[in-house]
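Chemist: Following this line is structure30.pdb, made up of PDB, C-alpha atoms:
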MODEL        1
ATOM      1  CA  GLN A   1      78.263 108.189 102.426
ATOM      2  CA  VAL A   2      75.669 110.427 104.103
ATOM      3  CA  PHE A   3      74.510 107.522 106.256
ATOM      4  CA  LEU A   4      78.089 106.593 107.281
ATOM      5  CA  LYS A   5      79.129 110.231 107.721
ATOM      6  CA  ASP A   6      82.521 109.317 106.348
ATOM      7  CA  LYS A   7      84.863 110.189 103.461
ATOM      8  CA  TYR A   8      85.053 107.840 100.482
ATOM      9  CA  ILE A   9      88.679 107.348  99.337
ATOM     10  CA  ALA A  10      89.124 105.297  96.160
ATOM     11  CA  GLY A  11      87.117 102.342  97.473
ATOM     12  CA  LEU A  12      88.126 102.746 101.126
ATOM     13  CA  TRP A  13      86.678 104.870 103.935
ATOM     14  CA  GLY A  14      88.490 107.636 105.792
ATOM     15  CA  LYS A  15      87.423 106.905 109.369
ATOM     16  CA  HIS A  16      89.122 103.487 109.321
ATOM     17  CA  LEU A  17      91.537 104.102 106.460
ATOM     18  CA  LEU A  18      94.557 102.563 108.221
ATOM     19  CA  HIS A  19      92.664  99.327 108.907
ATOM     20  CA  HIS A  20      91.154  99.261 105.415
ATOM     21  CA  LEU A  21      94.641  99.205 103.901
ATOM     22  CA  THR A  22      95.189  95.658 105.161
ATOM     23  CA  TRP A  23      92.912  93.867 102.712
ATOM     24  CA  ASN A  24      94.081  90.765 100.911
ATOM     25  CA  THR A  25      92.911  88.787  97.912
ATOM     26  CA  VAL A  26      90.837  85.689  98.524
ATOM     27  CA  SER A  27      92.989  83.832  95.955
ATOM     28  CA  SER A  28      95.378  82.852  98.721
ATOM     29  CA  PRO A  29      98.049  80.178  99.271
ATOM     30  CA  GLY A  30      96.620  76.676  99.343
ATOM     31  CA  ALA A  31      93.531  77.549  97.321
ATOM     32  CA  ASP A  32      92.227  74.649  95.281
ATOM     33  CA  ILE A  33      92.798  76.019  91.782
ATOM     34  CA  VAL A  34      93.849  72.826  90.035
ATOM     35  CA  ASP A  35      91.400  73.435  87.179
ATOM     36  CA  ASP A  36      92.376  77.065  86.771
ATOM     37  CA  TRP A  37      96.154  77.281  86.339
ATOM     38  CA  GLY A  38      97.604  80.660  85.585
ATOM     39  CA  LYS A  39      98.415  83.966  87.170
ATOM     40  CA  THR A  40      96.340  86.880  88.308
ATOM     41  CA  SER A  41      97.800  90.345  87.921
ATOM     42  CA  ARG A  42      96.916  93.983  88.126
ATOM     43  CA  PRO A  43      95.165  95.305  85.007
ATOM     44  CA  SER A  44      97.430  96.793  82.346
ATOM     45  CA  TYR A  45      95.478 100.049  82.641
ATOM     46  CA  TYR A  46      95.233 102.232  85.756
ATOM     47  CA  GLN A  47      92.150 101.612  87.899
ATOM     48  CA  ALA A  48      93.151 102.901  91.325
ATOM     49  CA  PRO A  49      96.203 103.372  93.574
ATOM     50  CA  SER A  50      97.918 100.099  94.532
ATOM     51  CA  TRP A  51      96.807 100.549  98.166
ATOM     52  CA  SER A  52      93.155 100.245  97.129
ATOM     53  CA  TRP A  53      91.400  96.930  96.452
ATOM     54  CA  ALA A  54      89.938  98.654  93.392
ATOM     55  CA  SER A  55      93.372  98.380  91.713
ATOM     56  CA  ILE A  56      92.841  94.657  91.052
ATOM     57  CA  ASN A  57      89.964  92.538  89.727
ATOM     58  CA  GLU A  58      89.901  89.951  92.491
ATOM     59  CA  SER A  59      87.725  89.162  95.497
ATOM     60  CA  VAL A  60      89.184  90.604  98.696
ATOM     61  CA  GLU A  61      88.719  90.396 102.445
ATOM     62  CA  ASN A  62      89.926  92.472 105.370
ATOM     63  CA  LEU A  63      92.632  91.115 107.668
ATOM     64  CA  VAL A  64      91.844  93.098 110.819
ATOM     65  CA  ASP A  65      88.925  94.407 112.843
ATOM     66  CA  PHE A  66      88.546  98.108 113.446
ATOM     67  CA  ASP A  67      89.532  97.720 117.105
ATOM     68  CA  ALA A  68      93.076  96.562 116.205
ATOM     69  CA  ARG A  69      95.707  98.863 117.727
ATOM     70  CA  PRO A  70      97.307 101.165 115.117
ATOM     71  CA  LEU A  71     101.079 101.037 114.608
ATOM     72  CA  ALA A  72     101.202 103.782 111.972
ATOM     73  CA  THR A  73      99.630 107.191 111.398
ATOM     74  CA  ILE A  74      97.888 108.525 108.284
ATOM     75  CA  LEU A  75      99.249 112.049 107.703
ATOM     76  CA  ASP A  76      97.221 112.953 104.628
ATOM     77  CA  TYR A  77      95.938 111.602 101.325
ATOM     78  CA  SER A  78      94.921 112.789  97.889
ATOM     79  CA  VAL A  79      92.763 111.186  95.207
ATOM     80  CA  SER A  80      92.060 112.582  91.735
ATOM     81  CA  ILE A  81      88.703 111.680  90.162
ATOM     82  CA  ASP A  82      87.604 111.975  86.539
ATOM     83  CA  GLY A  83      84.277 113.776  86.805
ATOM     84  CA  PRO A  84      82.193 115.519  89.475
ATOM     85  CA  SER A  85      81.318 112.410  91.519
ATOM     86  CA  GLU A  86      83.810 111.228  94.120
ATOM     87  CA  PHE A  87      82.688 107.683  93.284
ATOM     88  CA  GLY A  88      83.908 108.163  89.715
ATOM     89  CA  ARG A  89      86.958 106.789  87.919
ATOM     90  CA  VAL A  90      90.181 107.306  89.866
ATOM     91  CA  THR A  91      93.043 108.800  87.861
ATOM     92  CA  ASP A  92      95.651 109.243  90.596
ATOM     93  CA  GLY A  93      96.077 108.931  94.337
ATOM     94  CA  HIS A  94      98.519 108.700  97.209
ATOM     95  CA  ILE A  95      98.601 108.338 100.983
ATOM     96  CA  ARG A  96     101.244 109.833 103.267
ATOM     97  CA  ILE A  97     101.762 107.566 106.243
ATOM     98  CA  ARG A  98     104.247 107.495 109.125
ATOM     99  CA  GLY A  99     105.459 104.253 110.682
ATOM    100  CA  LYS A 100     108.327 101.762 110.932
ATOM    101  CA  LEU A 101     109.652 100.412 107.652
ATOM    102  CA  SER A 102     112.038  97.439 107.392
ATOM    103  CA  GLN A 103     113.733  96.225 104.227
ATOM    104  CA  ALA A 104     113.600  92.465 103.763
ATOM    105  CA  THR A 105     114.873  89.778 101.429
ATOM    106  CA  PHE A 106     114.121  86.082 101.104
ATOM    107  CA  ARG A 107     116.339  83.690 103.010
ATOM    108  CA  ALA A 108     115.585  80.765 100.692
ATOM    109  CA  SER A 109     116.969  80.342  97.167
ATOM    110  CA  ASP A 110     114.963  81.361  94.112
ATOM    111  CA  LYS A 111     114.610  77.703  93.156
ATOM    112  CA  THR A 112     113.013  76.851  96.485
ATOM    113  CA  LEU A 113     110.771  79.903  96.417
ATOM    114  CA  ARG A 114     109.507  79.142  92.916
ATOM    115  CA  HIS A 115     108.775  75.482  93.486
ATOM    116  CA  LYS A 116     107.682  75.103  97.052
ATOM    117  CA  TRP A 117     105.101  76.701  99.269
ATOM    118  CA  ASP A 118     104.786  75.617 102.866
ATOM    119  CA  GLU A 119     103.673  77.905 105.648
ATOM    120  CA  PHE A 120     106.079  76.225 108.072
ATOM    121  CA  ASP A 121     109.018  75.792 105.700
ATOM    122  CA  THR A 122     112.250  77.813 105.817
ATOM    123  CA  ALA A 123     111.326  79.170 102.380
ATOM    124  CA  HIS A 124     108.764  81.250 104.223
ATOM    125  CA  GLN A 125     111.414  83.069 106.245
ATOM    126  CA  VAL A 126     112.968  86.370 105.307
ATOM    127  CA  VAL A 127     115.995  88.333 106.475
ATOM    128  CA  LEU A 128     115.196  91.816 107.749
ATOM    129  CA  LYS A 129     117.682  94.631 107.322
ATOM    130  CA  THR A 130     116.989  97.033 110.174
ATOM    131  CA  LYS A 131     119.022  99.594 112.073
ATOM    132  CA  SER A 132     119.091  97.400 115.168
ATOM    133  CA  SER A 133     119.972  94.095 113.512
ATOM    134  CA  ARG A 134     121.356  93.122 110.128
ATOM    135  CA  ARG A 135     120.081  89.552 110.095
ATOM    136  CA  THR A 136     116.923  89.274 112.132
ATOM    137  CA  ILE A 137     114.910  86.220 111.074
ATOM    138  CA  VAL A 138     111.124  86.371 111.255
ATOM    139  CA  SER A 139     108.448  84.106 109.816
ATOM    140  CA  PRO A 140     105.697  86.270 108.337
ATOM    141  CA  THR A 141     102.795  84.915 106.355
ATOM    142  CA  LEU A 142     103.147  86.764 103.050
ATOM    143  CA  LEU A 143      99.934  87.538 101.168
ATOM    144  CA  PRO A 144     100.743  89.059  97.754
ATOM    145  CA  ASP A 145      97.992  90.767  95.797
ATOM    146  CA  ILE A 146      98.530  88.355  92.896
ATOM    147  CA  TRP A 147      99.044  84.594  92.858
ATOM    148  CA  VAL A 148     100.845  82.185  90.579
ATOM    149  CA  ALA A 149      99.716  78.585  90.130
ATOM    150  CA  VAL A 150     102.273  75.940  89.187
ATOM    151  CA  PRO A 151     100.727  72.619  88.088
ATOM    152  CA  SER A 152     104.041  70.747  88.105
ATOM    153  CA  VAL A 153     104.301  70.938  91.886
ATOM    154  CA  VAL A 154     100.767  70.049  92.891
ATOM    155  CA  ASP A 155     100.539  67.865  95.976
ATOM    156  CA  ASP A 156      97.265  66.119  96.791
ATOM    157  CA  GLY A 157      95.257  68.385  94.530
ATOM    158  CA  VAL A 158      96.295  71.650  96.191
ATOM    159  CA  ALA A 159      98.189  74.259  94.214
ATOM    160  CA  CYS A 160     101.585  75.394  95.448
ATOM    161  CA  TYR A 161     102.237  79.106  95.587
ATOM    162  CA  PRO A 162     105.595  80.519  94.398
ATOM    163  CA  VAL A 163     105.573  83.645  96.527
ATOM    164  CA  ARG A 164     108.816  84.988  95.039
ATOM    165  CA  ASP A 165     107.242  85.141  91.569
ATOM    166  CA  ALA A 166     104.062  86.710  92.924
ATOM    167  CA  ILE A 167     105.971  89.491  94.670
ATOM    168  CA  GLY A 168     108.298  89.900  91.688
ATOM    169  CA  SER A 169     111.472  90.687  93.619
ATOM    170  CA  ARG A 170     113.807  89.213  96.200
ATOM    171  CA  SER A 171     113.822  92.495  98.099
ATOM    172  CA  PHE A 172     110.791  94.288  99.480
ATOM    173  CA  TYR A 173     109.675  96.170 102.598
ATOM    174  CA  LEU A 174     107.545  95.214 105.587
ATOM    175  CA  PHE A 175     105.408  98.042 106.966
ATOM    176  CA  PRO A 176     103.334  97.103 110.056
ATOM    177  CA  THR A 177     100.115  99.092 110.291
ATOM    178  CA  CYS A 178      98.312  97.577 113.285
ATOM    179  CA  GLU A 179      98.349  94.767 115.813
ATOM    180  CA  THR A 180      95.874  92.434 117.445
ATOM    181  CA  GLU A 181      96.285  90.394 120.593
ATOM    182  CA  GLY A 182      98.054  87.635 118.685
ATOM    183  CA  ALA A 183      99.642  89.163 115.580
ATOM    184  CA  TRP A 184     101.191  92.108 113.795
ATOM    185  CA  ILE A 185      99.616  92.978 110.441
ATOM    186  CA  GLY A 186     100.901  95.242 107.716
ATOM    187  CA  LEU A 187     101.781  95.871 104.088
ATOM    188  CA  LEU A 188     104.330  94.479 101.636
ATOM    189  CA  LEU A 189     105.830  97.437  99.791
ATOM    190  CA  GLN A 190     108.289  98.133  96.992
ATOM    191  CA  ARG A 191     110.016 101.358  96.027
ATOM    192  CA  THR A 192     108.576 103.024  92.944
ATOM    193  CA  ASP A 193     110.680 104.184  90.010
ATOM    194  CA  SER A 194     109.769 107.758  90.881
ATOM    195  CA  GLU A 195     112.404 110.224  92.050
ATOM    196  CA  VAL A 196     110.097 111.180  94.910
ATOM    197  CA  ARG A 197     111.818 110.183  98.151
ATOM    198  CA  GLY A 198     109.927 107.697 100.290
ATOM    199  CA  GLN A 199     107.427 106.659  97.634
ATOM    200  CA  TYR A 200     106.298 103.014  97.560
ATOM    201  CA  ARG A 201     103.712 100.817  95.874
ATOM    202  CA  ARG A 202     101.774  98.053  97.527
ATOM    203  CA  LEU A 203     102.668  94.427  96.715
ATOM    204  CA  GLY A 204     100.398  92.769  99.263
ATOM    205  CA  ALA A 205      99.909  92.253 102.986
ATOM    206  CA  PHE A 206     101.554  90.196 105.725
ATOM    207  CA  THR A 207     100.925  88.893 109.209
ATOM    208  CA  VAL A 208     103.395  87.852 111.910
ATOM    209  CA  LEU A 209     102.282  85.793 114.886
ATOM    210  CA  LYS A 210     103.536  87.141 118.206
TER     211      LYS A 210
ENDMDL
END
What do you get writing this file as structure tokens?
Modeler:
Amino acid sequence: QVFLKDKYIAGLWGKHLLHHLTWNTVSSPGADIVDDWGKTSRPSYYQAPSWSWASINESVENLVDFDARPLATILDYSVSIDGPSEFGRVTDGHIRIRGKLSQATFRASDKTLRHKWDEFDTAHQVVLKTKSSRRTIVSPTLLPDIWVAVPSVVDDGVACYPVRDAIGSRSFYLFPTCETEGAWIGLLLQRTDSEVRGQYRRLGAFTVLK
């Protein structure tokens, strides 16, 4: 921390906090997990806020470089730590962020979403509900934080990925955080059960080719 001259925030770093939010799990669609069927999930106990990679017990990687152009603004953040060290156990945390949020739902049926994964298939498309258009179709690559392996639909030794089950809902939100020369990158979000207006939890990340 002294060497970086930066603020440690529940596993992320303040100077590039917006870019650090767009991590994704290495257990991604198409992974060869034939010998390891099952489902990864967040721990039953609280480890960290959903926006931090520390909230799950999986290997992660970052989706963007620090020179990606920001599309959102971090307003403030707060993290509660158990103990005197800021590297200690996280008990609570939130980020306030301003940007463009679009509600989305899957275009494909639940049956298709549960039994077929193909990056170029219509099951990959979602309908966006925005102020400017009620039925705008885009084709994002959805990268949920958890994955579900289904052995009954294995093709050529590669596991299919029922993205609907991994996300856990037909409806979710797309929140772009930054862009590169060829893509928009952001977060998959879901409203929390809290009465606090505008509060969301992270479900994963997404990319959209320009």
Chemist: In file coordinates, which residues lie within 8 Å of (97.2, 89.4, 101.8) using all atoms listed in the file, given as a list of chain:residue names?
Modeler: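 Here is the list of nearby residues: A:Thr22, A:Trp23, A:Asn24, A:Thr25, A:Ser28, A:Leu63, A:Leu142, A:Leu143, A:Pro144, A:Asp145, A:Gly204, A:Ala205, A:Phe206.
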Chemist: Just so the selection is clear, what residues does the PyMOL selection byres ((chain A and resi 184-195) around 8) cover here, as a PyMOL selection string?
Modeler: chain A and resi 21-22+63-64+142+144+171-180+182-183+196-210
Chemist: Given the selection you just returned, output its residues as a file containing C-alpha atoms, formatted as a tab-separated table (two decimals), in the frame of the given file.
Modeler:
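Saved to selection-v9.tsv:
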chain	number	residue	atom	x	y	z
A	21	LEU	CA	94.64	99.20	103.90
A	22	THR	CA	95.19	95.66	105.16
A	63	LEU	CA	92.63	91.12	107.67
A	64	VAL	CA	91.84	93.10	110.82
A	142	LEU	CA	103.15	86.76	103.05
A	144	PRO	CA	100.74	89.06	97.75
A	171	SER	CA	113.82	92.50	98.10
A	172	PHE	CA	110.79	94.29	99.48
A	173	TYR	CA	109.68	96.17	102.60
A	174	LEU	CA	107.54	95.21	105.59
A	175	PHE	CA	105.41	98.04	106.97
A	176	PRO	CA	103.33	97.10	110.06
A	177	THR	CA	100.12	99.09	110.29
A	178	CYS	CA	98.31	97.58	113.28
A	179	GLU	CA	98.35	94.77	115.81
A	180	THR	CA	95.87	92.43	117.44
A	182	GLY	CA	98.05	87.64	118.68
A	183	ALA	CA	99.64	89.16	115.58
A	196	VAL	CA	110.10	111.18	94.91
A	197	ARG	CA	111.82	110.18	98.15
A	198	GLY	CA	109.93	107.70	100.29
A	199	GLN	CA	107.43	106.66	97.63
A	200	TYR	CA	106.30	103.01	97.56
A	201	ARG	CA	103.71	100.82	95.87
A	202	ARG	CA	101.77	98.05	97.53
A	203	LEU	CA	102.67	94.43	96.72
A	204	GLY	CA	100.40	92.77	99.26
A	205	ALA	CA	99.91	92.25	102.99
A	206	PHE	CA	101.55	90.20	105.72
A	207	THR	CA	100.92	88.89	109.21
A	208	VAL	CA	103.40	87.85	111.91
A	209	LEU	CA	102.28	85.79	114.89
A	210	LYS	CA	103.54	87.14	118.21
Chemist: Tell me which residues the PyMOL selection byres ((chain A and resi 59) around 7) grabs here, as an MDAnalysis selection string.
Modeler: chainID A and resid 25:26 58 60
Chemist: So how far away is CA of Val148 in chain A from CA of Ser44 in chain A, in Å?
Modeler: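 Spanning CA of Ser44 in chain A to CA of Val148 in chain A is a straight-line distance of 17.1 Å.
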Chemist: So which residues get picked by the PyMOL selection byres ((chain A and resi 70) around 8) here, written as a VMD selection string?
Modeler: chain A and resid 18 to 19 68 to 69 71 to 73 177 to 179
Chemist: Produce a file of the selected residues containing C-alpha atoms, as an mmCIF file, keeping the file's coordinate frame.
Modeler:
data_model
loop_
_atom_site.group_PDB
_atom_site.id
_atom_site.type_symbol
_atom_site.label_atom_id
_atom_site.label_comp_id
_atom_site.auth_asym_id
_atom_site.auth_seq_id
_atom_site.Cartn_x
_atom_site.Cartn_y
_atom_site.Cartn_z
ATOM 1 C CA LEU A 18 94.557 102.563 108.221
ATOM 2 C CA HIS A 19 92.664 99.327 108.907
ATOM 3 C CA ALA A 68 93.076 96.562 116.205
ATOM 4 C CA ARG A 69 95.707 98.863 117.727
ATOM 5 C CA LEU A 71 101.079 101.037 114.608
ATOM 6 C CA ALA A 72 101.202 103.782 111.972
ATOM 7 C CA THR A 73 99.630 107.191 111.398
ATOM 8 C CA THR A 177 100.115 99.092 110.291
ATOM 9 C CA CYS A 178 98.312 97.577 113.285
ATOM 10 C CA GLU A 179 98.349 94.767 115.813
#
Chemist: Tell me, as an mmCIF file with C-alpha atoms, in the coordinates of the input, which residues lie within 9 Å of Pro43 in chain A, counting only C-alpha atoms; anything in the same chain fewer than 2 positions away does not count.
Modeler:
data_model
loop_
_atom_site.group_PDB
_atom_site.id
_atom_site.type_symbol
_atom_site.label_atom_id
_atom_site.label_comp_id
_atom_site.auth_asym_id
_atom_site.auth_seq_id
_atom_site.Cartn_x
_atom_site.Cartn_y
_atom_site.Cartn_z
ATOM 1 C CA SER A 41 97.800 90.345 87.921
ATOM 2 C CA TYR A 45 95.478 100.049 82.641
ATOM 3 C CA TYR A 46 95.233 102.232 85.756
ATOM 4 C CA GLN A 47 92.150 101.612 87.899
ATOM 5 C CA SER A 55 93.372 98.380 91.713
ATOM 6 C CA ILE A 56 92.841 94.657 91.052
ATOM 7 C CA ASN A 57 89.964 92.538 89.727
#
Chemist: What is the CA of Ser169 in chain A-CA of Ile146 in chain A distance in Å, reported with one decimal?
Modeler: 13.2 Å
Chemist: Which one is closest to Arg98 in chain A: A:Lys15, A:Leu75, A:Val126, A:Arg42? Count all atoms listed in the file.
Modeler: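 Looking at the shortest contact to Arg98 in chain A, the residue is A:Leu75.
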Chemist: Just to confirm, what's the straight-line distance from CA of Ile97 in chain A to CA of Trp51 in chain A in Å (one decimal)?
Modeler: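 Distance between the two atoms: 11.8 Å.
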Chemist: Would you list the residues near (93.7, 113.0, 91.6) (no more than 9 Å away, in the coordinates of the file, using only C-alpha atoms) as a VMD selection string?
Modeler: chain A and resid 78 to 82 90 to 94
Chemist: Using only C-alpha atoms, which of the listed residues (A:Ile167, A:Leu17, A:Ala108, A:Leu113) sits closest to Arg96 in chain A?
Modeler: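 Once distances to Arg96 in chain A are computed over only C-alpha atoms, the minimum belongs to A:Leu17.
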Chemist: Nearest to Lys7 in chain A: which of A:Glu86, A:Glu61, A:Asp67, A:Asp76 is it, counting all atoms listed in the file?
Modeler: A:Glu86
Chemist: Looking at only C-alpha atoms, which of A:Trp147, A:Tyr77, A:Phe106, A:Phe87 is the one that sits closest to Ala10 in chain A?
Modeler: A:Phe87
